[in-house]
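Colleague: Contents of data_9.cif (mmCIF, C-alpha atoms) are given next:
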data_work
loop_
_atom_site.label_atom_id
_atom_site.label_comp_id
_atom_site.auth_asym_id
_atom_site.auth_seq_id
_atom_site.Cartn_x
_atom_site.Cartn_y
_atom_site.Cartn_z
CA MET A 5 -6.33 -9.96 -19.94
CA ALA A 6 -7.93 -12.60 -17.91
CA ASN A 7 -11.12 -11.69 -16.07
CA LYS A 8 -10.07 -13.37 -12.82
CA SER A 9 -6.83 -11.39 -12.75
CA ILE A 10 -8.61 -8.09 -13.27
CA LYS A 11 -11.16 -8.85 -10.55
CA GLY A 12 -8.37 -9.83 -8.14
CA LEU A 13 -6.39 -6.69 -8.88
CA LYS A 14 -9.44 -4.46 -8.47
CA MET A 15 -10.31 -6.15 -5.18
CA GLN A 16 -6.81 -5.57 -3.82
CA TYR A 17 -6.90 -1.95 -4.99
CA PHE A 18 -10.24 -1.18 -3.35
CA ILE A 19 -9.18 -2.85 -0.09
CA PHE A 20 -6.04 -0.70 -0.11
CA LEU A 21 -8.09 2.43 -0.90
CA VAL A 22 -10.66 1.79 1.85
CA PHE A 23 -7.96 1.11 4.46
CA SER A 24 -6.11 4.28 3.44
CA ILE A 25 -9.25 6.38 3.84
CA VAL A 26 -10.21 4.75 7.16
CA PHE A 27 -6.74 5.23 8.64
CA ASN A 28 -6.78 8.85 7.45
CA MET A 29 -10.04 9.43 9.29
CA ILE A 30 -8.69 7.74 12.43
CA MET A 31 -5.56 9.92 12.43
CA ILE A 32 -7.59 13.10 11.94
CA THR A 33 -9.79 12.07 14.88
CA VAL A 34 -6.72 11.44 17.05
CA ILE A 35 -5.27 14.84 16.16
CA VAL A 36 -8.55 16.62 16.94
CA LEU A 37 -8.99 14.76 20.24
CA LEU A 38 -5.45 15.56 21.34
CA ALA A 39 -5.79 19.20 20.30
CA MET A 40 -9.12 19.60 22.12
CA ASN A 41 -7.85 18.01 25.34
CA ARG A 42 -7.86 20.79 27.94
CA ASP A 43 -8.19 18.87 31.23
CA GLY A 44 -5.09 16.72 31.02
CA LEU A 45 -4.53 13.15 29.97
CA PHE A 46 -5.38 10.34 32.39
CA GLY A 47 -5.32 12.65 35.41
CA MET A 48 -1.69 13.70 34.83
CA GLU A 49 -0.29 17.04 35.82
CA GLN A 50 -1.16 19.78 33.29
CA ASN A 51 2.47 20.43 32.17
CA VAL A 52 3.23 16.76 31.56
CA SER A 53 -0.12 16.26 29.88
CA SER A 54 0.51 19.24 27.57
CA ILE A 55 3.92 17.92 26.53
CA ILE A 56 2.47 14.47 25.81
CA SER A 57 -0.37 16.08 23.84
CA TYR A 58 2.01 18.16 21.71
CA VAL A 59 4.27 15.19 21.01
CA GLY A 60 1.21 13.08 20.17
CA ILE A 61 -0.11 15.77 17.84
CA GLY A 62 3.28 16.02 16.13
CA ILE A 63 3.62 12.28 15.61
CA SER A 64 -0.01 12.02 14.48
CA ALA A 65 0.48 14.91 12.04
CA LEU A 66 3.52 13.20 10.50
CA ALA A 67 1.55 9.96 10.19
CA GLU A 68 -1.34 11.89 8.64
CA ILE A 69 0.97 13.47 6.05
CA TYR A 70 2.17 10.00 5.05
CA LEU A 71 -1.40 8.66 4.89
CA VAL A 72 -2.54 11.60 2.75
CA TYR A 73 0.39 10.88 0.42
CA ARG A 74 -0.70 7.21 0.19
CA CYS A 75 -4.29 8.27 -0.58
CA ILE A 76 -3.11 10.61 -3.34
CA ILE A 77 -1.06 7.79 -4.86
CA CYS A 78 -4.10 5.54 -4.62
CA PHE A 79 -6.41 8.05 -6.28
CA LYS A 80 -3.94 8.43 -9.17
CA ASP A 81 -4.74 4.82 -10.12
CA LEU A 82 -8.53 5.23 -9.87
CA ASN A 83 -8.99 6.00 -13.58
CA SER A 84 -6.93 2.95 -14.52
CA VAL A 85 -9.14 0.76 -12.34
CA ARG A 86 -12.34 2.27 -13.75
CA ASN A 87 -11.20 1.94 -17.38
CA ASN A 88 -9.43 -1.44 -17.01
CA THR A 89 -6.20 0.07 -18.32
CA PHE A 90 -3.47 -1.69 -16.39
CA GLU A 91 0.26 -1.90 -16.91
CA GLU A 92 1.65 -5.29 -17.90
CA ILE A 93 5.14 -6.71 -17.53
CA THR A 94 6.63 -10.10 -18.24
CA GLY A 95 9.61 -10.78 -16.08
CA THR A 96 11.55 -13.03 -13.77
CA VAL A 97 11.35 -12.76 -9.99
CA ILE A 98 14.97 -12.16 -8.94
CA ARG A 99 14.37 -11.73 -5.20
CA TYR A 100 11.91 -10.47 -2.61
CA ALA A 101 12.14 -7.07 -0.94
CA LYS A 102 10.27 -8.34 2.13
CA ASN A 103 10.53 -11.98 3.13
CA GLU A 104 9.37 -12.26 6.71
CA SER A 105 6.82 -10.62 8.96
CA GLU A 106 7.50 -9.73 12.59
CA THR A 107 6.13 -13.15 13.55
CA GLY A 108 8.63 -14.93 11.33
CA GLN A 109 6.02 -16.05 8.80
CA GLN A 110 7.30 -16.25 5.21
CA LEU A 111 5.56 -13.55 3.15
CA ASN A 112 7.25 -13.19 -0.26
CA ASP A 113 4.76 -10.48 -1.19
CA HIS A 114 7.10 -7.81 -2.63
CA PRO A 115 8.88 -9.49 -5.55
CA ILE A 116 11.50 -7.58 -7.47
CA ILE A 117 10.91 -8.42 -11.11
CA LYS A 118 13.46 -8.09 -13.90
CA GLU A 119 11.80 -7.54 -17.26
CA VAL A 120 12.55 -10.31 -19.78
CA ASP A 121 13.65 -8.08 -22.68
CA SER A 122 15.55 -5.42 -20.75
CA GLU A 123 17.45 -4.65 -17.57
CA LYS A 124 14.47 -2.78 -16.08
CA THR A 125 13.41 -3.93 -12.61
CA ILE A 126 10.25 -3.13 -10.67
CA LYS A 127 9.06 -3.94 -7.15
CA LEU A 128 5.38 -4.86 -6.92
CA PHE A 129 3.04 -5.84 -4.13
CA VAL A 130 1.85 -9.28 -5.24
CA SER A 131 0.10 -11.28 -2.54
CA LYS A 132 0.67 -14.79 -3.91
CA GLY A 133 1.69 -16.97 -6.81
CA THR A 134 5.40 -16.25 -7.30
CA ARG A 135 8.72 -17.92 -6.61
CA ILE A 136 12.31 -16.88 -7.16
CA GLN A 137 13.57 -17.46 -10.74
CA GLY A 138 10.00 -17.96 -11.95
CA THR A 139 8.95 -16.03 -15.06
CA TYR A 140 5.46 -14.55 -14.98
CA THR A 141 3.28 -11.99 -16.68
CA PHE A 142 2.02 -9.45 -14.16
CA ILE A 143 -0.71 -6.85 -14.46
CA TYR A 144 -0.29 -3.96 -12.06
CA LEU A 145 -1.25 -0.41 -11.23
CA LYS A 146 1.35 2.17 -12.19
CA HIS A 147 1.33 4.33 -9.06
CA THR A 148 0.45 2.02 -6.17
CA LYS A 149 2.48 -0.90 -7.59
CA ILE A 150 -0.26 -3.33 -6.61
CA GLY A 151 -0.03 -6.30 -8.96
CA ILE A 152 -1.22 -9.79 -9.62
CA VAL A 153 0.01 -12.73 -11.66
CA LYS A 154 -2.00 -12.85 -14.87
CA ILE A 155 -4.26 -15.91 -14.95
CA ALA A 156 -5.54 -17.37 -18.22
CA ASP A 157 -9.27 -18.16 -18.36
#
Would you give me this structure, written as structure tokens?
Modeller:
Amino acid sequence: MANKSIKGLKMQYFIFLVFSIVFNMIMITVIVLLAMNRDGLFGMEQNVSSIISYVGIGISALAEIYLVYRCIICFKDLNSVRNNTFEEITGTVIRYAKNESETGQQLNDHPIIKEVDSEKTIKLFVSKGTRIQGTYTFIYLKHTKIGIVKIAD
């Protein structure tokens, strides 16, 4: 595998891991702050403030469960990143799962790839370097599905 590809994949993985951990910590802080709030939010009446606090705690707890799940998925790939043991697939980009952001900017960062020798398809997060009907060799992480187009040195 090409060195540049491995470095790029590791960089994307660690950025994803750090953001997952940071957002986990933020959500835990929000839950604790809402749970410890005894005087009411923003000078509201106690009953209304309590309802808002409970709803906020519930929504934050659901978000925290999702973020913990994402962290677990991320940590499953840690050994692969440490040992440079990545999955590899050669396939054709048949379409994109996500094409546009909320601002209307073209993203094309979730290609759905059909393997060359079989009917198997996989959706990866690949930040750049693909186009529809293009055939590429990707290296990716099995659990997080973070990938990159393999670059020859």
Colleague: Work out how far apart CA of Gly151 in chain A and CA of Ile93 in chain A are and give it in Å to one decimal.
Modeller: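 Separation between CA of Gly151 in chain A and CA of Ile93 in chain A: 10.0 Å.
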Colleague: Which residues, written as a list in words, have at least one atom at most 10 Å from Leu21 in chain A, with only C-alpha atoms counted and residues fewer than 4 positions away on the same chain left out?
Modeller: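 Using only C-alpha atoms, the neighbours found are Met15, Gln16, Tyr17, Ile25, Val26, Arg74, Cys75, Ile76, Ile77, Cys78, Phe79 and Leu82 of chain A.
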Colleague: CA of Lys80 in chain A and CA of Val120 in chain A, how far apart in Å?
Modeller: 27.1 Å
Colleague: Do you know which residues the PyMOL selection byres ((chain A and resi 121) around 12) returns on this file, as a VMD selection string?
Modeller: chain A and resid 93 to 96 117 to 120 122 to 125 139
Colleague: Output C-alpha atoms for every residue in that selection, as a tab-separated table (two decimals), in the frame of the given file.
Modeller:
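Saved file part.tsv follows:
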chain	number	residue	atom	x	y	z
A	93	ILE	CA	5.14	-6.71	-17.53
A	94	THR	CA	6.63	-10.10	-18.24
A	95	GLY	CA	9.61	-10.78	-16.08
A	96	THR	CA	11.55	-13.03	-13.77
A	117	ILE	CA	10.91	-8.42	-11.11
A	118	LYS	CA	13.46	-8.09	-13.90
A	119	GLU	CA	11.80	-7.54	-17.26
A	120	VAL	CA	12.55	-10.31	-19.78
A	122	SER	CA	15.55	-5.42	-20.75
A	123	GLU	CA	17.45	-4.65	-17.57
A	124	LYS	CA	14.47	-2.78	-16.08
A	125	THR	CA	13.41	-3.93	-12.61
A	139	THR	CA	8.95	-16.03	-15.06
Colleague: Can you work out which one of A:Val59, A:His114, A:Val153, A:Tyr73 has the shortest atom-to-atom distance to Asn28 in chain A, counting only C-alpha atoms?
Modeller: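 Under the stated criterion, the closest residue is A:Tyr73.
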Colleague: Work out how far CA of Thr134 in chain A is from CA of Thr89 in chain A, in Å to one decimal.
Modeller: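 CA of Thr134 in chain A lies at a distance of 22.9 Å from CA of Thr89 in chain A.
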Colleague: Can you tell me which residues surround Arg99 in chain A at a distance of at most 6 Å, considering all atoms listed in the file, apart from same-chain residues fewer than 2 positions away, and format the answer as a ChimeraX atom specification?
Modeller: /A:97,115-116,136
Colleague: Residues within 12 Å of Lys14 in chain A, please, as a ChimeraX atom specification. Count only C-alpha atoms; anything in the same chain fewer than 2 positions from it doesn't count.
Modeller: /A:7-12,16-21,78,81-90,143-145,150-152
Colleague: Rank nothing, just name the residue among A:Leu66, A:Ile61, A:Val72, A:Val22 nearest to Ala39 in chain A, using all atoms listed in the file.
Modeller: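 So, comparing all the options, the nearest one is A:Ile61.
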Colleague: With distances taken over all atoms listed in the file, which of A:Thr148, A:Val130, A:Thr141, A:Ala65 is nearest to Thr33 in chain A?
Modeller: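 The closest residue to Thr33 in chain A is A:Ala65.
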Colleague: Pick out the closest residue to Asp113 in chain A from this set: A:Ile35, A:Lys149, A:Tyr58, A:Phe129. Count all atoms listed in the file.
Modeller: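 Of the candidates, the smallest distance to Asp113 in chain A is held by A:Phe129.
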Colleague: Can you find the residues with an atom no farther than 10 Å from (-5.1, 9.1, 14.3), counting all atoms listed in the file, and report them as a ChimeraX atom specification?
Modeller: /A:26-38,60-61,63-65,67-68
